[in-house]
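> Here you go, this is target-v3.cif (mmCIF, C-alpha atoms and all ligand atoms).
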```cif
data_final
#
loop_
_atom_site.label_atom_id
_atom_site.label_comp_id
_atom_site.auth_asym_id
_atom_site.auth_seq_id
_atom_site.Cartn_x
_atom_site.Cartn_y
_atom_site.Cartn_z
CA MET A 1 -17.39 -53.36 -10.51
CA ASN A 2 -17.40 -51.85 -13.96
CA PHE A 3 -14.67 -49.17 -13.84
CA ILE A 4 -15.39 -46.04 -15.87
CA LYS A 5 -12.14 -44.76 -17.37
CA PRO A 6 -11.68 -40.98 -17.48
CA THR A 7 -12.26 -39.63 -20.98
CA ILE A 8 -10.88 -36.22 -20.06
CA ARG A 9 -7.65 -36.13 -18.06
CA PRO A 10 -6.82 -32.63 -16.73
CA ARG A 11 -3.85 -34.18 -14.87
CA ARG A 12 -1.95 -34.39 -18.21
CA LEU A 13 -1.24 -30.66 -17.88
CA ARG A 14 0.18 -31.15 -14.40
CA LYS A 15 2.52 -34.03 -15.32
CA ASN A 16 5.80 -32.23 -14.70
CA LYS A 17 7.11 -28.82 -13.75
CA GLU A 18 7.91 -27.79 -17.32
CA ILE A 19 4.39 -28.47 -18.55
CA ARG A 20 2.89 -26.83 -15.48
CA ASP A 21 5.05 -23.76 -16.10
CA LEU A 22 3.99 -23.60 -19.76
CA VAL A 23 0.28 -23.65 -19.02
CA GLN A 24 0.49 -21.36 -15.97
CA GLN A 25 -2.11 -18.62 -16.37
CA ASN A 26 -0.70 -15.99 -14.01
CA ASN A 27 2.85 -15.01 -13.15
CA ILE A 28 4.46 -12.62 -10.72
CA HIS A 29 6.88 -10.28 -12.39
CA LYS A 30 9.20 -7.86 -10.63
CA ASN A 31 7.36 -5.04 -12.44
CA ASP A 32 4.25 -5.84 -10.39
CA ILE A 33 5.73 -5.25 -6.95
CA VAL A 34 5.84 -2.15 -4.73
CA TYR A 35 7.69 -2.18 -1.40
CA PRO A 36 6.22 -0.17 1.51
CA MET A 37 8.88 1.32 3.80
CA PHE A 38 8.91 3.18 7.13
CA ILE A 39 11.23 6.14 7.60
CA VAL A 40 12.59 7.52 10.87
CA GLU A 41 14.66 10.60 11.75
CA GLY A 42 18.42 10.31 12.26
CA LYS A 43 21.47 8.72 10.66
CA ASN A 44 22.34 5.06 10.42
CA ILE A 45 19.19 4.14 12.38
CA LYS A 46 17.51 0.76 12.01
CA GLN A 47 14.62 0.20 14.42
CA ALA A 48 12.85 -3.14 14.61
CA ILE A 49 9.03 -2.99 14.55
CA LYS A 50 7.80 -5.36 17.22
CA SER A 51 4.65 -6.49 15.43
CA MET A 52 6.30 -6.84 11.99
CA PRO A 53 9.09 -9.45 11.95
CA ASP A 54 12.02 -8.51 9.65
CA ILE A 55 10.63 -5.03 8.90
CA ASN A 56 12.52 -2.02 10.25
CA ARG A 57 12.10 1.70 10.40
CA LEU A 58 15.12 3.14 8.59
CA SER A 59 16.70 6.57 8.63
CA ILE A 60 16.90 8.34 5.27
CA ASP A 61 20.50 7.25 4.55
CA LEU A 62 19.69 3.56 5.13
CA THR A 63 16.41 3.89 3.20
CA ILE A 64 18.40 5.11 0.21
CA LYS A 65 20.81 2.15 0.48
CA GLU A 66 17.91 -0.30 0.66
CA ILE A 67 16.11 1.27 -2.31
CA GLU A 68 19.35 1.26 -4.33
CA LYS A 69 19.81 -2.45 -3.65
CA LEU A 70 16.21 -3.39 -4.47
CA PHE A 71 16.01 -1.11 -7.50
CA LYS A 72 19.08 -2.85 -8.96
CA LYS A 73 17.29 -6.16 -8.46
CA GLY A 74 14.29 -4.85 -10.40
CA ILE A 75 11.81 -3.44 -7.89
CA LYS A 76 10.67 -0.13 -9.30
CA GLY A 77 8.08 1.16 -6.83
CA PHE A 78 8.45 2.22 -3.19
CA ALA A 79 5.68 3.44 -0.87
CA LEU A 80 6.95 5.64 1.94
CA PHE A 81 5.51 6.23 5.41
CA PRO A 82 7.04 8.45 8.10
CA TYR A 83 7.40 7.66 11.80
CA ASN A 84 7.11 10.98 13.58
CA ASP A 85 8.03 11.72 17.15
CA ILE A 86 5.02 12.59 19.33
CA SER A 87 6.48 16.08 19.86
CA LEU A 88 5.74 16.78 16.17
CA LYS A 89 2.07 15.79 16.38
CA ASP A 90 -0.91 17.99 17.14
CA GLU A 91 -4.70 17.99 16.79
CA LYS A 92 -4.59 19.38 13.26
CA GLY A 93 -1.63 17.44 11.90
CA THR A 94 0.16 20.71 11.17
CA GLN A 95 3.45 19.06 10.24
CA SER A 96 1.83 17.24 7.31
CA THR A 97 2.13 20.35 5.14
CA ASN A 98 5.67 21.31 6.19
CA SER A 99 7.97 21.15 3.17
CA ASN A 100 10.88 20.21 5.43
CA ASN A 101 9.17 17.40 7.33
CA LEU A 102 10.76 13.97 7.38
CA ILE A 103 8.89 12.54 4.41
CA ASN A 104 9.54 15.53 2.14
CA ARG A 105 13.26 15.52 2.97
CA ALA A 106 13.35 11.77 2.39
CA ILE A 107 11.70 12.03 -1.03
CA ARG A 108 14.07 14.79 -2.15
CA GLU A 109 17.16 12.84 -1.07
CA ILE A 110 15.96 9.55 -2.54
CA LYS A 111 15.14 11.23 -5.86
CA LYS A 112 18.55 12.89 -5.91
CA GLN A 113 20.31 9.52 -5.56
CA ILE A 114 17.94 7.26 -7.54
CA PRO A 115 15.85 9.49 -9.80
CA GLU A 116 14.29 6.58 -11.72
CA CYS A 117 12.68 4.84 -8.75
CA VAL A 118 8.92 5.37 -8.53
CA ILE A 119 7.85 6.98 -5.26
CA PHE A 120 4.32 6.52 -3.89
CA ALA A 121 3.77 9.09 -1.11
CA ASP A 122 0.93 8.55 1.35
CA VAL A 123 -1.55 11.39 1.81
CA ALA A 124 -3.37 11.32 5.16
CA LEU A 125 -2.95 12.95 8.55
CA ASP A 126 -2.58 9.93 10.84
CA PRO A 127 1.24 10.07 11.21
CA TYR A 128 0.83 13.73 12.26
CA THR A 129 -2.19 13.85 14.58
CA THR A 130 -2.30 13.37 18.36
CA HIS A 131 -5.62 11.48 18.00
CA GLY A 132 -4.36 9.13 15.27
CA HIS A 133 -7.16 9.90 12.79
CA ASP A 134 -6.55 10.50 9.09
CA GLY A 135 -8.27 13.88 9.29
CA VAL A 136 -9.06 16.75 11.64
CA CYS A 137 -11.85 16.41 14.19
CA ASP A 138 -14.51 18.65 15.75
CA GLU A 139 -14.92 18.96 19.55
CA LYS A 140 -16.90 15.73 19.64
CA GLY A 141 -14.24 13.78 17.77
CA ASN A 142 -16.08 13.61 14.42
CA VAL A 143 -13.65 13.56 11.50
CA LEU A 144 -14.43 16.62 9.37
CA ASN A 145 -14.49 15.98 5.64
CA ASP A 146 -14.06 19.31 3.87
CA GLU A 147 -11.62 20.83 6.37
CA THR A 148 -9.50 17.67 6.06
CA VAL A 149 -9.53 17.75 2.24
CA GLU A 150 -8.16 21.28 2.33
CA ILE A 151 -5.15 20.13 4.37
CA LEU A 152 -4.65 16.99 2.25
CA THR A 153 -4.52 19.20 -0.83
CA LYS A 154 -1.66 21.22 0.66
CA GLN A 155 0.09 18.04 1.82
CA SER A 156 -0.15 16.67 -1.74
CA ILE A 157 1.39 19.77 -3.29
CA GLU A 158 4.38 19.55 -0.92
CA LEU A 159 4.87 15.85 -1.73
CA ALA A 160 4.69 16.62 -5.45
CA LYS A 161 7.20 19.47 -5.06
CA SER A 162 9.59 17.10 -3.28
CA GLY A 163 9.41 14.76 -6.26
CA ALA A 164 6.80 12.10 -5.45
CA ASP A 165 5.68 10.36 -8.66
CA PHE A 166 2.30 9.49 -7.17
CA VAL A 167 0.47 11.08 -4.28
CA CYS A 168 -1.66 8.42 -2.61
CA PRO A 169 -4.64 9.62 -0.57
CA SER A 170 -5.40 6.87 1.96
CA ASP A 171 -7.77 8.94 4.09
CA MET A 172 -11.15 8.08 2.48
CA MET A 173 -12.56 11.64 2.65
CA ASP A 174 -15.15 12.49 -0.02
CA ALA A 175 -14.04 14.57 -3.04
CA ARG A 176 -10.38 14.57 -2.09
CA ILE A 177 -9.29 13.26 -5.49
CA ILE A 178 -10.92 16.06 -7.52
CA ASN A 179 -9.50 18.68 -5.15
CA ILE A 180 -6.00 17.21 -5.15
CA ARG A 181 -6.02 16.85 -8.96
CA ASN A 182 -7.16 20.43 -9.34
CA ALA A 183 -4.52 21.75 -6.92
CA LEU A 184 -1.72 19.73 -8.55
CA ASP A 185 -2.70 21.02 -11.99
CA ASN A 186 -2.91 24.62 -10.82
CA ASN A 187 0.55 24.41 -9.29
CA GLY A 188 2.38 22.99 -12.27
CA PHE A 189 2.24 19.33 -11.26
CA GLU A 190 0.16 18.06 -14.18
CA ASN A 191 2.48 15.06 -14.43
CA THR A 192 2.26 13.97 -10.81
CA GLY A 193 -0.07 10.98 -10.62
CA ILE A 194 -2.72 10.08 -8.10
CA MET A 195 -2.99 6.56 -6.79
CA SER A 196 -6.18 6.58 -4.79
CA TYR A 197 -6.78 4.23 -1.90
CA ALA A 198 -10.30 4.31 -3.26
CA VAL A 199 -11.58 1.08 -1.75
CA LYS A 200 -10.23 1.01 1.76
CA TYR A 201 -12.02 -1.05 4.36
CA ALA A 202 -12.14 -0.35 8.12
CA SER A 203 -9.94 -3.35 8.82
CA GLY A 204 -8.40 -4.91 11.89
CA PHE A 205 -5.48 -6.00 9.71
CA TYR A 206 -3.84 -2.54 9.87
CA GLY A 207 -2.80 -3.01 13.53
CA PRO A 208 0.94 -3.62 12.99
CA PHE A 209 1.16 -0.64 10.56
CA ARG A 210 -0.19 1.66 13.25
CA ASP A 211 2.54 0.33 15.52
CA ALA A 212 5.09 1.04 12.74
CA VAL A 213 4.03 4.69 12.30
CA GLY A 214 3.42 5.20 16.02
CA SER A 215 -0.31 5.93 15.86
CA ASN A 216 -1.51 2.74 17.56
CA ASN A 217 -1.72 3.94 21.13
CA LEU A 218 -3.02 7.34 20.08
CA LEU A 219 -6.05 6.34 18.03
CA LYS A 220 -9.26 7.53 19.65
CA GLY A 221 -12.19 5.34 18.61
CA ASP A 222 -12.09 3.74 15.18
CA LYS A 223 -12.08 4.76 11.50
CA LYS A 224 -15.52 3.40 10.62
CA THR A 225 -17.05 6.77 9.71
CA TYR A 226 -14.68 7.07 6.75
CA GLN A 227 -13.26 3.63 5.90
CA MET A 228 -15.66 1.09 4.40
CA ASN A 229 -17.69 -1.61 6.11
CA PRO A 230 -16.08 -5.02 5.40
CA ALA A 231 -19.56 -6.43 4.76
CA ASN A 232 -20.13 -4.29 1.65
CA LYS A 233 -19.31 -5.15 -1.96
CA LYS A 234 -21.26 -2.84 -4.31
CA GLU A 235 -20.15 0.20 -2.33
CA ALA A 236 -16.62 -0.54 -3.56
CA LEU A 237 -17.77 0.31 -7.10
CA ILE A 238 -19.23 3.64 -5.99
CA GLU A 239 -15.88 4.57 -4.45
CA ALA A 240 -13.72 3.26 -7.31
CA LYS A 241 -15.80 4.85 -10.09
CA LEU A 242 -16.06 8.19 -8.29
CA ASP A 243 -12.30 8.36 -7.89
CA VAL A 244 -11.72 7.50 -11.55
CA GLN A 245 -14.15 10.27 -12.55
CA GLU A 246 -12.43 12.68 -10.18
CA GLY A 247 -9.06 12.01 -11.82
CA ALA A 248 -7.34 9.10 -10.07
CA ASP A 249 -4.80 7.28 -12.25
CA ILE A 250 -4.57 4.06 -10.23
CA ILE A 251 -7.20 2.54 -7.95
CA MET A 252 -6.10 0.73 -4.80
CA ILE A 253 -8.01 -1.95 -2.91
CA LYS A 254 -7.04 -2.68 0.65
CA PRO A 255 -6.57 -5.03 2.53
CA GLY A 256 -5.72 -7.82 0.09
CA MET A 257 -6.39 -11.47 0.80
CA PRO A 258 -9.77 -11.11 2.57
CA TYR A 259 -10.98 -8.91 -0.36
CA LEU A 260 -10.19 -10.92 -3.51
CA ASP A 261 -13.81 -10.67 -4.65
CA ILE A 262 -13.55 -6.88 -4.49
CA ILE A 263 -10.36 -6.89 -6.62
CA SER A 264 -12.04 -9.11 -9.18
CA GLN A 265 -15.20 -7.00 -9.32
CA THR A 266 -13.27 -3.71 -9.56
CA LYS A 267 -10.98 -4.98 -12.32
CA GLN A 268 -14.02 -5.95 -14.40
CA GLU A 269 -15.74 -2.60 -13.96
CA ILE A 270 -12.97 -0.04 -14.43
CA ASN A 271 -10.26 0.42 -17.03
CA ASN A 272 -7.57 2.00 -14.84
CA PRO A 273 -4.80 -0.10 -13.31
CA VAL A 274 -5.87 -1.79 -10.09
CA ALA A 275 -3.47 -2.06 -7.16
CA VAL A 276 -3.84 -4.16 -4.04
CA TYR A 277 -2.14 -3.79 -0.66
CA GLN A 278 -1.19 -6.93 1.26
CA VAL A 279 -1.35 -5.03 4.54
CA SER A 280 0.72 -5.28 7.69
CA GLY A 281 -1.54 -7.76 9.53
CA GLU A 282 -1.63 -10.12 6.55
CA TYR A 283 2.16 -9.96 6.32
CA SER A 284 2.75 -10.53 10.03
CA MET A 285 0.29 -13.45 10.25
CA LEU A 286 2.08 -15.29 7.47
CA LYS A 287 5.57 -14.30 8.56
CA ASN A 288 5.03 -15.38 12.17
CA MET A 289 3.78 -18.79 11.10
CA ILE A 290 6.65 -19.21 8.63
CA ASP A 291 9.16 -18.24 11.33
CA ASN A 292 7.54 -20.71 13.75
CA GLY A 293 7.96 -23.46 11.18
CA ASP A 294 4.20 -24.01 11.01
CA LEU A 295 3.93 -22.89 7.35
CA SER A 296 6.45 -23.28 4.55
CA ASP A 297 7.48 -20.12 2.76
CA ASP A 298 5.57 -21.35 -0.32
CA VAL A 299 2.69 -19.36 1.17
CA ILE A 300 4.47 -16.14 0.20
CA MET A 301 4.11 -16.71 -3.56
CA GLU A 302 0.67 -18.25 -3.10
CA SER A 303 -0.50 -15.18 -1.19
CA ILE A 304 0.79 -12.93 -4.00
CA ILE A 305 -0.27 -14.90 -7.08
CA CYS A 306 -3.87 -14.92 -5.85
CA PHE A 307 -3.91 -11.13 -6.33
CA LYS A 308 -2.88 -11.53 -9.97
CA ARG A 309 -5.50 -14.22 -10.46
CA ALA A 310 -8.14 -11.88 -8.99
CA GLY A 311 -7.07 -9.20 -11.48
CA ALA A 312 -4.62 -6.88 -9.68
CA ASP A 313 -1.96 -5.17 -11.79
CA ILE A 314 0.20 -3.83 -8.94
CA ILE A 315 0.87 -5.44 -5.57
CA PHE A 316 2.08 -3.58 -2.48
CA THR A 317 3.74 -6.10 -0.17
CA TYR A 318 6.21 -6.20 2.71
CA PHE A 319 7.45 -9.48 1.21
CA ALA A 320 8.90 -7.56 -1.78
CA PRO A 321 12.59 -8.19 -0.93
CA LYS A 322 11.86 -11.94 -0.50
CA ILE A 323 9.76 -12.17 -3.65
CA ILE A 324 12.40 -10.54 -5.83
CA ASP A 325 14.86 -13.26 -4.77
CA MET A 326 12.27 -16.01 -5.29
CA ILE A 327 11.52 -14.99 -8.89
CA ASP A 328 15.14 -14.21 -9.86
C1 LIG B 401 -3.28 5.38 6.99
C2 LIG B 401 -2.79 4.13 6.35
C3 LIG B 401 -2.97 2.88 6.92
C4 LIG B 401 -2.31 1.97 6.09
C5 LIG B 401 -1.76 2.67 5.01
N1 LIG B 401 -2.09 4.03 5.19
C6 LIG B 401 -3.60 2.47 8.20
C7 LIG B 401 -4.91 2.98 8.60
O1 LIG B 401 -5.73 3.38 7.78
O2 LIG B 401 -5.14 2.99 9.81
C8 LIG B 401 -2.24 0.49 6.38
C9 LIG B 401 -1.16 -0.29 5.76
C10 LIG B 401 -0.84 -1.58 6.42
O3 LIG B 401 -1.55 -2.04 7.36
O4 LIG B 401 0.14 -2.19 6.02
N2 LIG B 401 -3.47 6.48 6.26
#
```
Now that the file is in, can you turn its structure into structure tokens?
Ligand code: PBG

Amino acid sequence: MNFIKPTIRPRRLRKNKEIRDLVQQNNIHKNDIVYPMFIVEGKNIKQAIKSMPDINRLSIDLTIKEIEKLFKKGIKGFALFPYNDISLKDEKGTQSTNSNNLINRAIREIKKQIPECVIFADVALDPYTTHGHDGVCDEKGNVLNDETVEILTKQSIELAKSGADFVCPSDMMDARIINIRNALDNNGFENTGIMSYAVKYASGFYGPFRDAVGSNNLLKGDKKTYQMNPANKKEALIEAKLDVQEGADIIMIKPGMPYLDIISQTKQEINNPVAVYQVSGEYSMLKNMIDNGDLSDDVIMESIICFKRAGADIIFTYFAPKIIDMID
């Protein structure tokens, strides 16, 4: 047989680690990472979340300790979610606009201790409603858009007052960004940013998160009338571009790994920073298999670097504490 020798040898650039490192096209930097955290009432409380190995709900004092530790290591951004007792929930999510609710107290205390850390505060009603939806409903259970936006606007002002750097509407109501921007500006919060969960799919991968914030057993029906259909791609551009026009500073895509094409498309079409959320179900799938010994923990970096390759600028991930040690 007449052997044909390769004329081009791409393997030269993979010869050893040093060369591979030099030609590497994407890197994870600690500046890219945001750590989502769950907060619970009380002192010195650390509650395991059954469906999220290694992730705990922490009381405010322990949250501050954890943020201090991670901030020193270089993580700058923290996304906060409250776990509220059922006694604080009602049909309208009334507690969401209370300036002394758990999340507002947490933000004030965190900002007092670590003023430089960047706080991303979620805007939606699901931790506050007895039906688990992100908005208020009519008698038939339909989630009402405009009535919800009015409440989200008030919730945003309280979060801004408490010191949130970014308010982050994750509710998917129409025109919430323009209304929140307008309300922030009219109340002296011109410098509070909006990170919009602009492209949020109705995903099964949020299951463990709903366990973490205690809305899992409450949710009536599903969120398909407001979150996007996983089958749709172009619709993501309608949502992302609308939110940019309405005044969003950062555009979020969520979930992460099953939606790399959406990240890539969005990054090409808009000029604002693009964030991605590696959501609770993605985290727990990987973590459970790593803990079982069925996957090596190499999959952590692989699952994060793919977001950079797709074009994401900011990555929200429950692996943040692990990643910061891996890239040290
Ligand atoms: C709700 C919200 C959800 C997440 C962030 N904000 C869940 C949902 O829409 O039901 C999911 C995050 C995760 O799964 O890690 N406003």
> Using the file's own x, y and z axes, so that the box edges lie along x, y and z, what centre and edge lengths in Å (one decimal) does a box around every listed atom of ligand LIG 401 (chain B) get when 5 Å is added on each side? Give it as lines of an AutoDock Vina configuration file.

```
center_x = -2.8
center_y = 2.1
center_z = 7.4
size_x = 15.9
size_y = 18.7
size_z = 14.8
```
> Which residues are near A:Tyr197? Cut-off 8 Å, only C-alpha atoms, ignore same chain within fewer than 4 positions. Put them as a ChimeraX atom specification.
/A:168-172,251-254
> At what distance in Å, to one decimal, does atom CA of A:Ile327 lie from atom CA of A:Glu18?
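Taking atom CA of A:Glu18 and atom CA of A:Ile327, their separation equals 15.7 Å.
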> Taking only C-alpha atoms and all ligand atoms into account, report as a ChimeraX atom specification which residues have an atom no farther than 7 Å from an atom of ligand LIG 401 (chain B).
/A:122-126,134,170-171,205-210,278-281
> For the residues in that selection, give me C-alpha atoms as a short mmCIF file (atom, residue, chain, number, x, y, z; two decimals), keeping the file's coordinate frame.

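What landed in out_21.cif:
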```cif
data_model
loop_
_atom_site.label_atom_id
_atom_site.label_comp_id
_atom_site.auth_asym_id
_atom_site.auth_seq_id
_atom_site.Cartn_x
_atom_site.Cartn_y
_atom_site.Cartn_z
CA ASP A 122 0.93 8.55 1.35
CA VAL A 123 -1.55 11.39 1.81
CA ALA A 124 -3.37 11.32 5.16
CA LEU A 125 -2.95 12.95 8.55
CA ASP A 126 -2.58 9.93 10.84
CA ASP A 134 -6.55 10.50 9.09
CA SER A 170 -5.40 6.87 1.96
CA ASP A 171 -7.77 8.94 4.09
CA PHE A 205 -5.48 -6.00 9.71
CA TYR A 206 -3.84 -2.54 9.87
CA GLY A 207 -2.80 -3.01 13.53
CA PRO A 208 0.94 -3.62 12.99
CA PHE A 209 1.16 -0.64 10.56
CA ARG A 210 -0.19 1.66 13.25
CA GLN A 278 -1.19 -6.93 1.26
CA VAL A 279 -1.35 -5.03 4.54
CA SER A 280 0.72 -5.28 7.69
CA GLY A 281 -1.54 -7.76 9.53
#
```
> Excluding A:Glu41 and its own-chain neighbours fewer than 3 positions away, which residues fall within 9 Å of it when counting all atoms listed in the file? Please give them as a list of chain:residue names.
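Skipping anything fewer than 3 positions along the chain leaves A:Ile45, A:Leu58, A:Ser59, A:Ile60, A:Pro82, A:Tyr83, A:Asn84, A:Asp85, A:Leu102.
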> Selected residues, C-alpha atoms, written as a short mmCIF file (atom, residue, chain, number, x, y, z; two decimals), in the coordinates of the input, please.

```
data_model
loop_
_atom_site.label_atom_id
_atom_site.label_comp_id
_atom_site.auth_asym_id
_atom_site.auth_seq_id
_atom_site.Cartn_x
_atom_site.Cartn_y
_atom_site.Cartn_z
CA ILE A 45 19.19 4.14 12.38
CA LEU A 58 15.12 3.14 8.59
CA SER A 59 16.70 6.57 8.63
CA ILE A 60 16.90 8.34 5.27
CA PRO A 82 7.04 8.45 8.10
CA TYR A 83 7.40 7.66 11.80
CA ASN A 84 7.11 10.98 13.58
CA ASP A 85 8.03 11.72 17.15
CA LEU A 102 10.76 13.97 7.38
#
```
> Could you list, as a CSV table (one decimal) with C-alpha atoms, in the frame of the given file, every residue within 12 Å of A:Pro258, counting all atoms listed in the file and ignoring same-chain residues fewer than 6 positions away?

```csv
chain,number,residue,atom,x,y,z
A,201,TYR,CA,-12.0,-1.0,4.4
A,203,SER,CA,-9.9,-3.4,8.8
A,204,GLY,CA,-8.4,-4.9,11.9
A,205,PHE,CA,-5.5,-6.0,9.7
A,230,PRO,CA,-16.1,-5.0,5.4
A,231,ALA,CA,-19.6,-6.4,4.8
A,276,VAL,CA,-3.8,-4.2,-4.0
A,277,TYR,CA,-2.1,-3.8,-0.7
A,278,GLN,CA,-1.2,-6.9,1.3
A,279,VAL,CA,-1.4,-5.0,4.5
A,281,GLY,CA,-1.5,-7.8,9.5
A,282,GLU,CA,-1.6,-10.1,6.6
A,303,SER,CA,-0.5,-15.2,-1.2
A,306,CYS,CA,-3.9,-14.9,-5.8
A,307,PHE,CA,-3.9,-11.1,-6.3
A,310,ALA,CA,-8.1,-11.9,-9.0
```
> What separation in Å, quoted to one decimal, exists between atom CA of A:Pro36 and atom CA of A:Ala320?
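Between these atoms lies a distance of 8.5 Å.
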> Write out as a short mmCIF file (atom, residue, chain, number, x, y, z; two decimals) with C-alpha atoms, keeping the file's coordinate frame the residues lying within 12 Å of A:Arg108, counting only C-alpha atoms and excluding same-chain residues fewer than 6 positions away.

```
data_model
loop_
_atom_site.label_atom_id
_atom_site.label_comp_id
_atom_site.auth_asym_id
_atom_site.auth_seq_id
_atom_site.Cartn_x
_atom_site.Cartn_y
_atom_site.Cartn_z
CA ILE A 60 16.90 8.34 5.27
CA ASP A 61 20.50 7.25 4.55
CA ILE A 64 18.40 5.11 0.21
CA SER A 99 7.97 21.15 3.17
CA ASN A 100 10.88 20.21 5.43
CA ASN A 101 9.17 17.40 7.33
CA LEU A 102 10.76 13.97 7.38
CA ILE A 114 17.94 7.26 -7.54
CA PRO A 115 15.85 9.49 -9.80
CA ILE A 119 7.85 6.98 -5.26
CA ALA A 121 3.77 9.09 -1.11
CA GLU A 158 4.38 19.55 -0.92
CA LEU A 159 4.87 15.85 -1.73
CA ALA A 160 4.69 16.62 -5.45
CA LYS A 161 7.20 19.47 -5.06
CA SER A 162 9.59 17.10 -3.28
CA GLY A 163 9.41 14.76 -6.26
CA ALA A 164 6.80 12.10 -5.45
CA ASP A 165 5.68 10.36 -8.66
#
```
> Tell me which of A:Cys137, A:Ile103, A:Ile28, A:Val34 sits closest to A:Cys117, counting only C-alpha atoms.
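Ranking A:Cys137, A:Ile103, A:Ile28, A:Val34 by distance to A:Cys117, first place goes to A:Val34.
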> Can you tell me how far atom CA of A:Met326 sits from atom CA of A:Ile304, in Å to one decimal?
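Taking atom CA of A:Met326 as the start and atom CA of A:Ile304 as the end point, the length is 12.0 Å.
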> The residues within 7 Å of (12.2, 0.3, 8.7), using all atoms listed in the file and the coordinates of the file, should be reported as a ChimeraX atom specification; which are they?
/A:37-39,46-48,55-58
> Any idea what's packed within 12 Å of A:Ala183, counting all atoms listed in the file, ignoring anything in its chain fewer than 5 positions away? Could you give it as a list of chain:residue names?
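Here the qualifying residues turn out to be A:Val149, A:Glu150, A:Ile151, A:Leu152, A:Thr153, A:Lys154, A:Gln155, A:Ser156, A:Ile157, A:Glu158, A:Ala160, A:Arg176, A:Ile177, A:Ile178, A:Gly188, A:Phe189, A:Glu190, A:Thr192, A:Ile194, A:Gly247.
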> From (-15.0, 5.8, 4.8), in the file's coordinates, out to 10 Å: which residues are reached, counting all atoms listed in the file? Answer as a tab-separated table (two decimals) with C-alpha atoms, keeping the file's coordinate frame.

```tsv
chain	number	residue	atom	x	y	z
A	171	ASP	CA	-7.77	8.94	4.09
A	172	MET	CA	-11.15	8.08	2.48
A	173	MET	CA	-12.56	11.64	2.65
A	174	ASP	CA	-15.15	12.49	-0.02
A	198	ALA	CA	-10.30	4.31	-3.26
A	199	VAL	CA	-11.58	1.08	-1.75
A	200	LYS	CA	-10.23	1.01	1.76
A	201	TYR	CA	-12.02	-1.05	4.36
A	202	ALA	CA	-12.14	-0.35	8.12
A	223	LYS	CA	-12.08	4.76	11.50
A	224	LYS	CA	-15.52	3.40	10.62
A	225	THR	CA	-17.05	6.77	9.71
A	226	TYR	CA	-14.68	7.07	6.75
A	227	GLN	CA	-13.26	3.63	5.90
A	228	MET	CA	-15.66	1.09	4.40
A	229	ASN	CA	-17.69	-1.61	6.11
A	239	GLU	CA	-15.88	4.57	-4.45
```
> With all atoms listed in the file as the basis for distance, which of A:Ile75, A:Leu80, A:Val299, A:Leu13 is at the shortest distance from A:Asp32?
A:Ile75
> Please determine, counting all atoms listed in the file, which residue among A:Ile300, A:Ile33, A:Met285, A:Ala312 has the shortest atom-to-atom distance to A:Tyr259.
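Nearest to A:Tyr259: A:Ala312.
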